[in-house]
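**Student:** Once you've had a glance at the structure underneath, I'll fire off some questions.
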Amino acid sequence: MVEITHAPPDNREEIAQFMAQVFPRAKWSLDGWRRILDGRWGRSDDSYAITVRDDGQLVGVLGLITAHRPTENGPKVTANMTSWYLLKPYRGTGIGRRMIELAIADPEITVTDFTSSPGAVHAVKSAGLIELDTQRLIWHPRSITQTHLPVHADPWAMPQSLSVKDIQVLRDHAGLDLKPLLIETPDGPCLVILAIKQKHDDYVTYEVMYLGSRVIFARHVRAIADTILPADRAILSVDRRMLPGDVEHDAVEDFTVPRFYTPGRMPAEDIDHLYTEVVLLGLKLY
């Protein structure tokens with residue numbers, strides 16, 4: 001008998017071992033799977049995985065990173081869908097879609113998916129998730145020397161310039177492969193958290209993962225790009241939803257696969273890239 005359920009707390013190690021076995025080419029170790037499942041940002045009773053068992057045997061897993069996080073519109077609960085696997089005999093039976101349907105069933109939790117393969121898109125959409133974003137905005141370095149904005153590589157050195165939201169976000173992501181910068185602008189300070197990755201041979205991407213103030217960042221993004229980017233072979237990248245629609249930019253790039261989310265539970269612009277497997281594992285965001 002096939003049973004699809006939220007995994008109980010004591011199944012974490014079994015699930016980590018299962019995922020390490022079925023994804024032998026993953027770019028992270030068994031410890032990476034454990035990090036995904038350990039509930040770093042959740043509570044003891046939060047879901048961390050949907051499991052499928054056939055007469056007790058584990059045959060499928062959908063990982064979930066549940067987080068209680070601050071946003072500009074108050075505290076929210078999100079669940080980032082991570083690696084998803086179902087043994088071959090169970091594929092094409094509707095079980096995969098039922099796994100996602102269970103994952104998104106709680107109307108108080110916004111479920112996101114930033115890393116699906118193209119082959120999984122149909123199942124994700126048919127289960128009820130919709131496109132969150134399809135494009136990123138890009139800024140290139142400028143050859144003209146501009147007056148640079150003051151930048152503090154250690155935001156904790158100026159705690160008075162951090163909001164309550166900023167402080168929680170920084171604490172929640174301590175020790176991860178991220179670059180927080182506190183940038184002083186004519187309209188006040190703005191915390192920007194970056195993931196700096198060599199995703200292409202020709203340039204390094206400064207990917208914006210979090211903005212303390214979308215309004216301030218959008219108003220001064222050109223100066224911010226001029227300040228933080230090296231002279232060449234680099235770009236500043238921000239998902240389109242994170243900024244107002246009229247912000248000036250240098251280029252637009254389509255995602256290989258759209259970002260997805262459950263609509264109507266929190267504003268799309270409040271959904272950034274923190275509290276996800278992307279930052280837990282230091283993944284490159286395409």
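Starting from 1 in every chain, residues are counted up; chains themselves are A, B, ... following the order of the structure tokens, and ligands are numbered from 1 as listed.
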List every residue of range 54-242 of chain A that DSSP, applied to the backbone of this structure, places in helix (DSSP H, G or I), and write the result as a ChimeraX atom specification.

**Tutor:** /A:88-90,95-103,118-126,155-157,159-161,164-172,214-219,221-228,240-242

**Student:** Take the residues just selected and output them with C-alpha atoms as an mmCIF file, in the first residue's frame.

**Tutor:**
```cif
data_model
loop_
_atom_site.group_PDB
_atom_site.id
_atom_site.type_symbol
_atom_site.label_atom_id
_atom_site.label_comp_id
_atom_site.auth_asym_id
_atom_site.auth_seq_id
_atom_site.Cartn_x
_atom_site.Cartn_y
_atom_site.Cartn_z
ATOM 1 C CA LYS A 88 10.994 4.681 -11.522
ATOM 2 C CA PRO A 89 8.216 2.098 -10.967
ATOM 3 C CA TYR A 90 6.109 4.815 -9.301
ATOM 4 C CA ILE A 95 2.048 10.106 -7.168
ATOM 5 C CA GLY A 96 4.495 12.907 -7.976
ATOM 6 C CA ARG A 97 1.699 15.430 -8.357
ATOM 7 C CA ARG A 98 0.083 14.226 -5.134
ATOM 8 C CA MET A 99 3.386 14.811 -3.332
ATOM 9 C CA ILE A 100 3.413 18.446 -4.456
ATOM 10 C CA GLU A 101 -0.288 18.881 -3.681
ATOM 11 C CA LEU A 102 0.365 17.771 -0.109
ATOM 12 C CA ALA A 103 3.381 20.081 0.126
ATOM 13 C CA PRO A 118 12.769 21.545 -17.116
ATOM 14 C CA GLY A 119 11.270 18.067 -16.946
ATOM 15 C CA ALA A 120 9.575 18.784 -13.616
ATOM 16 C CA VAL A 121 7.856 22.001 -14.687
ATOM 17 C CA HIS A 122 4.648 20.347 -15.903
ATOM 18 C CA ALA A 123 4.113 18.542 -12.594
ATOM 19 C CA VAL A 124 4.873 21.692 -10.606
ATOM 20 C CA LYS A 125 2.371 23.762 -12.587
ATOM 21 C CA SER A 126 -0.326 21.094 -12.681
ATOM 22 C CA PRO A 155 26.975 45.558 8.661
ATOM 23 C CA TRP A 156 27.234 44.682 12.363
ATOM 24 C CA ALA A 157 29.663 47.585 12.742
ATOM 25 C CA PRO A 159 23.773 48.186 14.056
ATOM 26 C CA GLN A 160 21.896 51.462 14.368
ATOM 27 C CA SER A 161 21.507 51.453 10.565
ATOM 28 C CA VAL A 164 14.697 44.632 12.921
ATOM 29 C CA LYS A 165 14.118 42.652 9.725
ATOM 30 C CA ASP A 166 17.736 43.104 8.637
ATOM 31 C CA ILE A 167 19.036 41.942 12.003
ATOM 32 C CA GLN A 168 16.999 38.737 11.987
ATOM 33 C CA VAL A 169 17.981 37.972 8.397
ATOM 34 C CA LEU A 170 21.684 38.431 9.161
ATOM 35 C CA ARG A 171 21.468 36.227 12.240
ATOM 36 C CA ASP A 172 19.533 33.544 10.404
ATOM 37 C CA ARG A 214 13.610 47.770 -2.413
ATOM 38 C CA VAL A 215 12.730 51.455 -2.783
ATOM 39 C CA ILE A 216 16.149 52.762 -1.771
ATOM 40 C CA PHE A 217 17.978 50.140 -3.822
ATOM 41 C CA ALA A 218 15.911 50.870 -6.941
ATOM 42 C CA ARG A 219 16.435 54.606 -6.551
ATOM 43 C CA VAL A 221 20.904 50.963 -8.193
ATOM 44 C CA ARG A 222 23.104 52.588 -10.838
ATOM 45 C CA ALA A 223 25.343 54.133 -8.194
ATOM 46 C CA ILE A 224 25.301 50.888 -6.211
ATOM 47 C CA ALA A 225 26.420 48.921 -9.274
ATOM 48 C CA ASP A 226 29.187 51.443 -9.953
ATOM 49 C CA THR A 227 30.299 51.146 -6.342
ATOM 50 C CA ILE A 228 30.359 47.396 -5.746
ATOM 51 C CA ARG A 240 12.670 41.480 -11.798
ATOM 52 C CA ARG A 241 9.927 41.026 -9.164
ATOM 53 C CA MET A 242 12.185 42.377 -6.419
#
```

**Student:** Identify, on the basis of only C-alpha atoms, every residue whose closest approach to Met266 in chain A does not exceed 8 Å; exclude the query and any residue fewer than 4 positions from it along the same chain; express the result as a PyMOL selection string.

**Tutor:** chain A and resi 76+110+270-271

**Student:** Given only C-alpha atoms as the basis, pick out the residue of A:Tyr210, A:Trp84, A:Tyr48, A:Trp28 nearest to Ala7 in chain A.

**Tutor:**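 For Ala7 in chain A, the nearest of the given residues is A:Tyr48.
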
**Student:** Please determine, counting only C-alpha atoms, which residue among A:Arg43, A:Arg12, A:Lys284, A:Arg35 has the shortest atom-to-atom distance to Ile196 in chain A.

**Tutor:**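 Closest to Ile196 in chain A, using only C-alpha atoms: A:Lys284.
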
**Student:** May I ask which of the residues A:Ser237, A:Thr185, A:Thr78, A:Gln198 is the closest one to Leu274 in chain A, counting only C-alpha atoms?

**Tutor:**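 Among the listed residues, the smallest separation from Leu274 in chain A belongs to A:Thr78.
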
**Student:** How many Å separate CA of Ala20 in chain A from CA of Lys179 in chain A?

**Tutor:**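 If I compute the distance from CA of Ala20 in chain A to CA of Lys179 in chain A, I get 28.7 Å.
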
**Student:** At a cut-off of 10 Å, using only C-alpha atoms, what residues contact Val279 in chain A? Leave out same-chain residues fewer than 3 positions from it and give the result as a list of chain:residue names.

**Tutor:**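 My reading of the contact set: A:His173, A:Leu176, A:Asp177, A:Leu178, A:Ala195, A:Met209, A:His273, A:Leu274, A:Tyr275, A:Thr276, A:Gly282, A:Leu283, A:Lys284, A:Leu285.
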
**Student:** Taking the chain letters and numbering used in this document, name the residues of range 22-250 of chain A that DSSP puts in strand (DSSP E), as a PyMOL selection string.

**Tutor:** chain A and resi 49-54+57-69+76-86+109-113+130-139+151-152+179-185+188-200+203-211+234-239

**Student:** Could you check how far CA of Thr115 in chain A sits from CA of Gly245 in chain A, in Å to one decimal?

**Tutor:**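 Between these atoms lies a distance of 24.4 Å.
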
**Student:** Could you check how far CA of Pro267 in chain A sits from CA of Thr66 in chain A, in Å to one decimal?

**Tutor:**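 These two atoms are separated by 17.5 Å.
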
**Student:** Tell me which protein, DNA and RNA residues are within 7 Å of Gly212 in chain A, counting only C-alpha atoms, leaving out same-chain ones fewer than 4 positions away, and put them as a list in words.

**Tutor:**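 Here the qualifying residues turn out to be Asp166, Cys190, Leu191 and Val192 of chain A.
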
**Student:** Go through A:Thr147, A:Ser29, A:Ser116, A:Ser163 one by one, measure the shortest atom-to-atom distance of each to Leu62 in chain A using only C-alpha atoms, and give the residue with the smallest value.

**Tutor:** A:Ser116
